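Text of start_10.pdb, listed as PDB, C-alpha atoms:
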```pdb
ATOM      1  CA  MET A   1      20.886  -7.739   4.290
ATOM      2  CA  ILE A   2      17.439  -6.334   3.523
ATOM      3  CA  LEU A   3      15.987  -6.055   0.026
ATOM      4  CA  LEU A   4      13.244  -3.493  -0.567
ATOM      5  CA  THR A   5      11.042  -3.978  -3.605
ATOM      6  CA  GLY A   6       8.850  -1.088  -4.694
ATOM      7  CA  SER A   7      11.486   1.074  -3.065
ATOM      8  CA  THR A   8      10.746   4.302  -4.955
ATOM      9  CA  GLY A   9       6.945   4.156  -4.582
ATOM     10  CA  SER A  10       5.087   5.958  -1.819
ATOM     11  CA  ILE A  11       5.379   3.169   0.786
ATOM     12  CA  GLY A  12       8.753   1.835  -0.328
ATOM     13  CA  LEU A  13      10.389   5.254  -0.400
ATOM     14  CA  SER A  14       9.016   6.089   3.053
ATOM     15  CA  LEU A  15      10.474   2.794   4.293
ATOM     16  CA  ALA A  16      13.820   3.446   2.587
ATOM     17  CA  LYS A  17      14.034   6.857   4.248
ATOM     18  CA  LEU A  18      13.281   5.354   7.669
ATOM     19  CA  LEU A  19      16.009   2.725   7.325
ATOM     20  CA  SER A  20      18.488   5.363   6.155
ATOM     21  CA  GLN A  21      17.644   7.610   9.105
ATOM     22  CA  ARG A  22      18.255   4.673  11.456
ATOM     23  CA  GLY A  23      21.579   3.763   9.872
ATOM     24  CA  ILE A  24      20.346   0.373   8.629
ATOM     25  CA  PRO A  25      21.886  -0.645   5.281
ATOM     26  CA  TYR A  26      19.587  -2.078   2.621
ATOM     27  CA  ARG A  27      19.360  -2.843  -1.076
ATOM     28  CA  GLY A  28      16.622  -1.261  -3.158
ATOM     29  CA  MET A  29      15.364  -3.050  -6.268
ATOM     30  CA  VAL A  30      14.471  -0.479  -8.927
ATOM     31  CA  ARG A  31      14.084  -0.264 -12.682
ATOM     32  CA  ASP A  32      16.322   2.816 -12.999
ATOM     33  CA  VAL A  33      19.446   2.702 -10.816
ATOM     34  CA  ALA A  34      20.726   6.086 -12.010
ATOM     35  CA  LYS A  35      17.489   7.821 -11.029
ATOM     36  CA  ALA A  36      17.328   6.116  -7.623
ATOM     37  CA  SER A  37      20.924   7.090  -6.914
ATOM     38  CA  THR A  38      19.958  10.765  -7.046
ATOM     39  CA  LEU A  39      17.807  10.318  -3.927
ATOM     40  CA  GLY A  40      20.910  10.557  -1.739
ATOM     41  CA  LEU A  41      19.736   8.008   0.814
ATOM     42  CA  VAL A  42      22.472   6.925   3.229
ATOM     43  CA  GLY A  43      23.122   3.172   3.359
ATOM     44  CA  ALA A  44      21.190   2.429   0.166
ATOM     45  CA  GLU A  45      22.553   0.054  -2.452
ATOM     46  CA  TRP A  46      20.521   0.215  -5.651
ATOM     47  CA  VAL A  47      20.160  -2.742  -8.008
ATOM     48  CA  GLN A  48      18.237  -3.086 -11.252
ATOM     49  CA  GLY A  49      15.358  -5.547 -11.068
ATOM     50  CA  ASP A  50      11.907  -6.031 -12.562
ATOM     51  CA  PHE A  51       9.157  -8.421 -11.424
ATOM     52  CA  GLN A  52       8.315  -9.029 -15.073
ATOM     53  CA  ASP A  53      11.919 -10.088 -15.809
ATOM     54  CA  PRO A  54      12.732 -13.154 -13.659
ATOM     55  CA  ALA A  55      16.366 -13.180 -14.831
ATOM     56  CA  SER A  56      16.905  -9.823 -13.109
ATOM     57  CA  LEU A  57      15.679 -11.081  -9.735
ATOM     58  CA  ARG A  58      18.484 -13.472  -8.802
ATOM     59  CA  PRO A  59      21.201 -10.765  -8.810
ATOM     60  CA  ALA A  60      18.903  -8.517  -6.744
ATOM     61  CA  LEU A  61      18.332 -11.315  -4.203
ATOM     62  CA  ASP A  62      21.955 -12.474  -3.961
ATOM     63  CA  GLY A  63      23.105 -12.308  -0.317
ATOM     64  CA  ILE A  64      19.673 -11.183   0.936
ATOM     65  CA  ASP A  65      18.072 -12.710   4.033
ATOM     66  CA  ARG A  66      15.084 -10.378   4.545
ATOM     67  CA  VAL A  67      12.719  -8.984   1.900
ATOM     68  CA  PHE A  68      10.003  -6.353   1.825
ATOM     69  CA  LEU A  69       7.687  -7.604  -0.924
ATOM     70  CA  LEU A  70       5.663  -4.899  -2.650
ATOM     71  CA  ALA A  71       4.851  -5.687  -6.265
ATOM     72  CA  PRO A  72       3.342  -3.157  -8.699
ATOM     73  CA  PRO A  73      -0.494  -3.135  -8.949
ATOM     74  CA  VAL A  74      -0.781  -5.228 -12.102
ATOM     75  CA  GLU A  75      -3.500  -7.637 -13.146
ATOM     76  CA  ASN A  76      -3.098 -11.068 -11.502
ATOM     77  CA  ILE A  77      -0.398  -9.724  -9.187
ATOM     78  CA  ASP A  78      -0.299 -13.076  -7.377
ATOM     79  CA  ARG A  79       1.431 -14.713 -10.341
ATOM     80  CA  ILE A  80       4.441 -12.393 -10.369
ATOM     81  CA  GLU A  81       4.644 -12.477  -6.570
ATOM     82  CA  ALA A  82       4.667 -16.291  -6.561
ATOM     83  CA  ALA A  83       7.468 -16.331  -9.152
ATOM     84  CA  PHE A  84       9.432 -13.852  -7.036
ATOM     85  CA  LEU A  85       8.925 -15.947  -3.886
ATOM     86  CA  ASP A  86      10.195 -19.062  -5.655
ATOM     87  CA  ILE A  87      13.423 -17.277  -6.573
ATOM     88  CA  ALA A  88      13.725 -15.718  -3.116
ATOM     89  CA  ALA A  89      13.486 -19.127  -1.465
ATOM     90  CA  ALA A  90      16.076 -20.571  -3.856
ATOM     91  CA  CYS A  91      18.427 -17.669  -3.029
ATOM     92  CA  GLY A  92      18.242 -18.364   0.719
ATOM     93  CA  VAL A  93      15.891 -15.608   1.881
ATOM     94  CA  ARG A  94      14.754 -16.365   5.428
ATOM     95  CA  HIS A  95      12.021 -13.791   6.117
ATOM     96  CA  VAL A  96       9.535 -12.025   3.831
ATOM     97  CA  VAL A  97       7.474  -9.031   4.965
ATOM     98  CA  ASN A  98       4.606  -9.011   2.470
ATOM     99  CA  LEU A  99       2.602  -5.871   1.708
ATOM    100  CA  SER A 100      -0.844  -7.404   1.174
ATOM    101  CA  ALA A 101      -4.206  -5.596   1.162
ATOM    102  CA  VAL A 102      -7.172  -4.894   3.394
ATOM    103  CA  GLY A 103      -9.714  -7.700   3.292
ATOM    104  CA  ALA A 104      -7.343 -10.127   1.551
ATOM    105  CA  GLY A 105      -8.602 -13.678   1.155
ATOM    106  CA  ILE A 106      -9.062 -16.274  -1.545
ATOM    107  CA  ASP A 107     -12.876 -16.129  -1.426
ATOM    108  CA  VAL A 108     -13.454 -12.385  -0.953
ATOM    109  CA  PRO A 109     -15.612 -10.487  -3.500
ATOM    110  CA  HIS A 110     -12.889  -8.151  -4.802
ATOM    111  CA  ARG A 111     -10.048  -9.169  -7.085
ATOM    112  CA  PHE A 112      -7.227  -7.301  -5.338
ATOM    113  CA  GLY A 113      -8.177  -9.141  -2.161
ATOM    114  CA  GLN A 114      -8.277 -12.462  -4.015
ATOM    115  CA  TRP A 115      -4.880 -11.939  -5.658
ATOM    116  CA  HIS A 116      -3.254 -10.903  -2.391
ATOM    117  CA  GLY A 117      -5.017 -13.756  -0.614
ATOM    118  CA  ARG A 118      -3.411 -16.232  -3.002
ATOM    119  CA  THR A 119       0.015 -14.668  -2.420
ATOM    120  CA  GLU A 120      -0.503 -14.922   1.336
ATOM    121  CA  GLN A 121      -1.346 -18.608   1.031
ATOM    122  CA  TYR A 122       1.650 -19.240  -1.225
ATOM    123  CA  LEU A 123       3.938 -17.521   1.270
ATOM    124  CA  ARG A 124       2.501 -19.436   4.234
ATOM    125  CA  GLU A 125       3.150 -22.697   2.376
ATOM    126  CA  SER A 126       6.772 -21.760   1.640
ATOM    127  CA  GLN A 127       9.687 -22.616   3.898
ATOM    128  CA  MET A 128      10.389 -18.958   4.629
ATOM    129  CA  ASP A 129       9.318 -17.006   7.690
ATOM    130  CA  PHE A 130       6.709 -14.383   6.875
ATOM    131  CA  THR A 131       4.955 -11.317   8.204
ATOM    132  CA  ILE A 132       1.862 -10.133   6.361
ATOM    133  CA  LEU A 133       0.773  -6.488   6.429
ATOM    134  CA  ARG A 134      -2.782  -5.680   5.397
ATOM    135  CA  PRO A 135      -3.055  -1.901   5.183
ATOM    136  CA  ASN A 136      -6.416  -0.192   4.988
ATOM    137  CA  PHE A 137      -7.229   2.465   2.376
ATOM    138  CA  PHE A 138      -4.298   4.863   1.859
ATOM    139  CA  LEU A 139      -4.740   8.521   2.795
ATOM    140  CA  GLN A 140      -2.315   9.245  -0.051
ATOM    141  CA  ASN A 141      -4.990   8.067  -2.505
ATOM    142  CA  LEU A 142      -6.772  11.335  -1.752
ATOM    143  CA  LEU A 143      -3.967  13.087  -3.626
ATOM    144  CA  THR A 144      -5.414  11.636  -6.833
ATOM    145  CA  MET A 145      -8.558  13.680  -6.127
ATOM    146  CA  THR A 146      -6.967  17.113  -6.000
ATOM    147  CA  ALA A 147      -8.762  18.202  -9.186
ATOM    148  CA  MET A 148     -12.090  17.299  -7.551
ATOM    149  CA  VAL A 149     -11.082  19.214  -4.436
ATOM    150  CA  GLN A 150     -10.221  22.275  -6.510
ATOM    151  CA  GLN A 151     -13.662  21.994  -8.136
ATOM    152  CA  ALA A 152     -15.219  21.656  -4.651
ATOM    153  CA  THR A 153     -16.878  18.230  -5.050
ATOM    154  CA  LEU A 154     -15.695  14.660  -4.431
ATOM    155  CA  TYR A 155     -17.446  12.107  -6.667
ATOM    156  CA  VAL A 156     -17.000   8.569  -5.289
ATOM    157  CA  PRO A 157     -19.305   5.490  -5.379
ATOM    158  CA  ALA A 158     -18.863   4.827  -1.666
ATOM    159  CA  GLY A 159     -22.156   5.839  -0.051
ATOM    160  CA  GLU A 160     -21.802   6.579   3.654
ATOM    161  CA  GLY A 161     -19.430   3.664   4.246
ATOM    162  CA  LYS A 162     -16.381   4.155   6.425
ATOM    163  CA  ALA A 163     -12.866   2.751   6.464
ATOM    164  CA  LEU A 164      -9.663   3.174   8.474
ATOM    165  CA  PHE A 165      -7.691   5.361   6.060
ATOM    166  CA  VAL A 166      -3.993   5.051   6.923
ATOM    167  CA  ASP A 167      -0.961   7.147   5.978
ATOM    168  CA  VAL A 168       1.724   5.301   4.011
ATOM    169  CA  ARG A 169       4.326   6.692   6.425
ATOM    170  CA  ASP A 170       2.642   4.694   9.182
ATOM    171  CA  ILE A 171       2.648   1.567   7.021
ATOM    172  CA  ALA A 172       6.378   2.097   6.447
ATOM    173  CA  ALA A 173       6.988   2.394  10.203
ATOM    174  CA  VAL A 174       5.292  -0.966  10.793
ATOM    175  CA  ALA A 175       7.262  -2.564   7.961
ATOM    176  CA  ALA A 176      10.542  -1.203   9.341
ATOM    177  CA  SER A 177       9.865  -2.808  12.709
ATOM    178  CA  CYS A 178       8.995  -6.144  11.107
ATOM    179  CA  LEU A 179      12.218  -6.117   9.080
ATOM    180  CA  THR A 180      14.545  -5.124  11.906
ATOM    181  CA  GLU A 181      13.028  -6.701  15.038
ATOM    182  CA  THR A 182      12.388 -10.287  16.048
ATOM    183  CA  GLY A 183       9.017 -11.647  17.119
ATOM    184  CA  HIS A 184       7.004 -10.714  14.040
ATOM    185  CA  GLU A 185       7.429 -14.032  12.259
ATOM    186  CA  GLY A 186       4.142 -15.751  11.376
ATOM    187  CA  LYS A 187       2.092 -12.643  12.208
ATOM    188  CA  ILE A 188      -0.633 -10.940  10.169
ATOM    189  CA  TYR A 189      -1.040  -7.249  10.975
ATOM    190  CA  GLU A 190      -4.065  -5.182   9.965
ATOM    191  CA  VAL A 191      -2.567  -1.703   9.565
ATOM    192  CA  THR A 192      -5.167   1.023  10.087
ATOM    193  CA  GLY A 193      -5.577   4.697  10.699
ATOM    194  CA  PRO A 194      -6.748   5.979  14.086
ATOM    195  CA  ILE A 195     -10.459   6.405  13.344
ATOM    196  CA  SER A 196     -13.090   5.159  10.911
ATOM    197  CA  ILE A 197     -13.984   7.805   8.314
ATOM    198  CA  GLY A 198     -16.007   8.063   5.111
ATOM    199  CA  TYR A 199     -16.007  10.503   2.225
ATOM    200  CA  SER A 200     -18.511  12.739   3.981
ATOM    201  CA  ASP A 201     -15.990  13.067   6.813
ATOM    202  CA  ILE A 202     -13.186  13.655   4.326
ATOM    203  CA  ALA A 203     -15.148  16.414   2.592
ATOM    204  CA  ALA A 204     -15.974  18.025   5.951
ATOM    205  CA  THR A 205     -12.343  17.964   7.110
ATOM    206  CA  LEU A 206     -11.128  19.351   3.787
ATOM    207  CA  SER A 207     -13.682  22.137   4.155
ATOM    208  CA  GLN A 208     -12.471  22.916   7.656
ATOM    209  CA  VAL A 209      -8.767  22.965   6.774
ATOM    210  CA  LEU A 210      -9.089  24.726   3.414
ATOM    211  CA  GLY A 211     -11.624  27.269   4.631
ATOM    212  CA  ARG A 212     -14.119  26.630   1.824
ATOM    213  CA  THR A 213     -16.927  24.166   1.279
ATOM    214  CA  ILE A 214     -16.037  20.803  -0.266
ATOM    215  CA  ASN A 215     -19.000  18.566  -1.062
ATOM    216  CA  TYR A 216     -19.253  14.815  -1.442
ATOM    217  CA  VAL A 217     -21.556  13.136  -3.958
ATOM    218  CA  ASP A 218     -22.167   9.391  -3.956
ATOM    219  CA  ILE A 219     -22.274   8.361  -7.617
ATOM    220  CA  PRO A 220     -23.165   5.062  -9.309
ATOM    221  CA  VAL A 221     -20.327   2.610  -9.930
ATOM    222  CA  ALA A 222     -21.024   2.783 -13.679
ATOM    223  CA  ALA A 223     -20.489   6.547 -13.678
ATOM    224  CA  ALA A 224     -17.247   6.186 -11.739
ATOM    225  CA  LYS A 225     -15.970   3.548 -14.159
ATOM    226  CA  SER A 226     -16.858   5.688 -17.155
ATOM    227  CA  SER A 227     -14.861   8.580 -15.720
ATOM    228  CA  MET A 228     -11.873   6.321 -14.987
ATOM    229  CA  LEU A 229     -11.898   4.962 -18.545
ATOM    230  CA  GLU A 230     -12.030   8.483 -19.957
ATOM    231  CA  MET A 231      -8.848   9.244 -18.002
ATOM    232  CA  GLY A 232      -7.126   6.294 -19.665
ATOM    233  CA  MET A 233      -7.342   3.760 -16.840
ATOM    234  CA  PRO A 234      -7.455   0.091 -17.949
ATOM    235  CA  ALA A 235     -10.901  -1.478 -17.561
ATOM    236  CA  TRP A 236      -9.641  -4.207 -15.213
ATOM    237  CA  LEU A 237      -8.133  -1.613 -12.856
ATOM    238  CA  ALA A 238     -11.279   0.533 -12.883
ATOM    239  CA  ASP A 239     -13.337  -2.535 -11.988
ATOM    240  CA  ALA A 240     -10.881  -3.584  -9.268
ATOM    241  CA  LEU A 241     -10.895  -0.151  -7.628
ATOM    242  CA  ASN A 242     -14.671   0.085  -7.775
ATOM    243  CA  GLU A 243     -14.954  -3.326  -6.121
ATOM    244  CA  LEU A 244     -13.048  -1.822  -3.213
ATOM    245  CA  ASN A 245     -15.372   1.196  -3.204
ATOM    246  CA  VAL A 246     -18.352  -1.168  -2.993
ATOM    247  CA  GLY A 247     -16.676  -2.888  -0.043
ATOM    248  CA  LEU A 248     -16.193   0.502   1.598
ATOM    249  CA  LYS A 249     -19.855   1.351   0.964
ATOM    250  CA  GLU A 250     -20.800  -1.906   2.720
ATOM    251  CA  ASN A 251     -18.541  -1.074   5.695
ATOM    252  CA  ARG A 252     -16.316  -4.132   5.256
ATOM    253  CA  PHE A 253     -13.097  -2.306   6.146
ATOM    254  CA  GLY A 254     -13.825  -0.500   9.394
ATOM    255  CA  LEU A 255     -12.167  -2.414  12.266
ATOM    256  CA  VAL A 256      -9.551  -0.214  13.977
ATOM    257  CA  THR A 257      -6.333  -1.738  15.342
ATOM    258  CA  ASP A 258      -3.390  -0.456  17.384
ATOM    259  CA  VAL A 259      -0.772  -1.898  15.010
ATOM    260  CA  VAL A 260       0.766   1.482  14.092
ATOM    261  CA  SER A 261       1.366   2.415  17.729
ATOM    262  CA  ALA A 262       2.171  -1.072  19.054
ATOM    263  CA  ILE A 263       4.329  -2.317  16.160
ATOM    264  CA  GLY A 264       5.312   0.879  14.342
ATOM    265  CA  HIS A 265       6.085   2.658  17.637
ATOM    266  CA  LYS A 266       4.429   5.926  16.613
ATOM    267  CA  THR A 267       1.171   7.817  16.836
ATOM    268  CA  PRO A 268      -0.904   7.178  13.708
ATOM    269  CA  ILE A 269      -1.374  10.166  11.415
ATOM    270  CA  ASP A 270      -4.947  11.418  11.254
ATOM    271  CA  LEU A 271      -6.844  12.903   8.316
ATOM    272  CA  GLU A 272      -6.459  16.551   9.341
ATOM    273  CA  SER A 273      -2.704  16.183   9.821
ATOM    274  CA  PHE A 274      -2.406  14.486   6.440
ATOM    275  CA  ILE A 275      -4.277  17.312   4.710
ATOM    276  CA  ARG A 276      -2.126  19.947   6.416
ATOM    277  CA  ASP A 277       1.042  18.059   5.444
ATOM    278  CA  ASN A 278      -0.134  18.141   1.819
ATOM    279  CA  ILE A 279      -1.831  21.511   1.821
ATOM    280  CA  GLU A 280      -0.096  22.705  -1.357
ATOM    281  CA  ALA A 281      -1.432  19.751  -3.330
ATOM    282  CA  PHE A 282      -4.988  20.471  -2.217
ATOM    283  CA  THR A 283      -4.785  24.173  -2.947
TER     284      THR A 283
END
```
Please rewrite the model in this file as structure tokens.
Amino acid sequence: MILLTGSTGSIGLSLAKLLSQRGIPYRGMVRDVAKASTLGLVGAEWVQGDFQDPASLRPALDGIDRVFLLAPPVENIDRIEAAFLDIAAACGVRHVVNLSAVGAGIDVPHRFGQWHGRTEQYLRESQMDFTILRPNFFLQNLLTMTAMVQQATLYVPAGEGKALFVDVRDIAAVAASCLTETGHEGKIYEVTGPISIGYSDIAATLSQVLGRTINYVDIPVAAAKSSMLEMGMPAWLADALNELNVGLKENRFGLVTDVVSAIGHKTPIDLESFIRDNIEAFT
């Protein structure tokens, strides 16, 4: 039996839908069972569970042999993931597919990468089989910029750096393969989009699809953080996200792979297709 954590988020829900479409039963760990039950997904068994409540994890993991591990983006995420992995091992889980992050590593200069790097190491040192997925920047993150798009200018402290922006539906396809096929044990997959792009490219493609000019302005990190704080974002999260923007500016995340096609068995979704799929949000 498969347990999906984060099963109503953008990646987890895409994965849940894929498994349902393929007739593969699974259990989804959620905070609100009643709400999840309204999704109408075939083969889904919903169970209440919360990473911050260890007592809720054992019932969720009972009878589970494979886990998709996607914890919420909290400060020091490695601590709650390590606690979860301890309970998973004690419950007899055999294989964990871990949703890590681009550039993960204990000594990298951004905290999300450090936290995920520590989780990766903890998982490798466990007795469970593992598959680690390191997705690049999410195309879906652009949906948080719809107000900027409507005002015709993207303000991001990313310079002319480029990354391999990937659609969460492609990440879900890779995860589904790793959970349902053999041969992925002990592997680390860098999950990327089809081509390296920067915010200048994103603005140009938005302009082309929307039929009006969208500009991109590279702003200082301090200005970006100030704006994030004004919107109510915690300071630690603003700093963590801007560390990733600095990494993008320095072109640390631009190595394309064929993981989506080779492991996910599909053609990766490109930027223009993503915009067209979400045209209502951008207009």
### Task
Given the file shown, determine the residues that the PyMOL selection byres ((chain A and resi 161-170) around 8) selects; report them as an MDAnalysis selection string.
chainID A and resid 10:11 14:15 135:140 158:160 171:174 191:199 248:256 260 264 266 268:271 274
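Neighbouring residues of region 37-43 of chain A at 7 Å or closer, counting only C-alpha atoms and skipping chain neighbours under 4 positions away, are Lys17, Ser20, Gly23, Ile24, Pro25, Tyr26 and Val33 of chain A.
Put simply, CA of Ala203 (chain A) is 6.0 Å away from CA of Tyr216 (chain A).
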### Task
List, as an MDAnalysis selection string, every residue that the PyMOL selection byres ((chain A and resi 105-112) around 10) selects in the file provided.
chainID A and resid 73:78 100:104 113:121 236:237 239:247
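Nearest to Ile132 (chain A) of all the residues A:Cys91, A:Ala224, A:Val149, A:Ala175 is A:Ala175, based on only C-alpha atoms.
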### Point-to-point distance from CA of Glu190 (chain A) to CA of Leu133 (chain A), Å rounded to tenths
6.1 Å
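Separating CA of Arg276 (chain A) from CA of Leu210 (chain A) is a distance of 9.0 Å.
Comparing the minimum interatomic distances between Met228 (chain A) and each of A:Asp129, A:Thr8, A:Thr144, A:Leu123, counting all atoms listed in the file, we find that A:Thr144 sits nearest.
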### Task
Would you write out, as an MDAnalysis selection string, every residue that the PyMOL selection byres ((chain A and resi 94) around 9) captures in this file?
chainID A and resid 64:67 88:89 92:93 95:96 127:130
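If you measure from each of A:Ser207, A:Ser227, A:Asn98, A:Ser126 to Leu179 (chain A) using only C-alpha atoms, the closest one turns out to be A:Asn98.
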#### Entry: For region 46-60 of chain A: contacts at 10 Å, only C-alpha atoms, fewer than 4 positions along chain excluded, given as a PyMOL selection string
chain A and resi 3-7+26-37+64+71-72+77+80-81+83-84+87-88+90-91
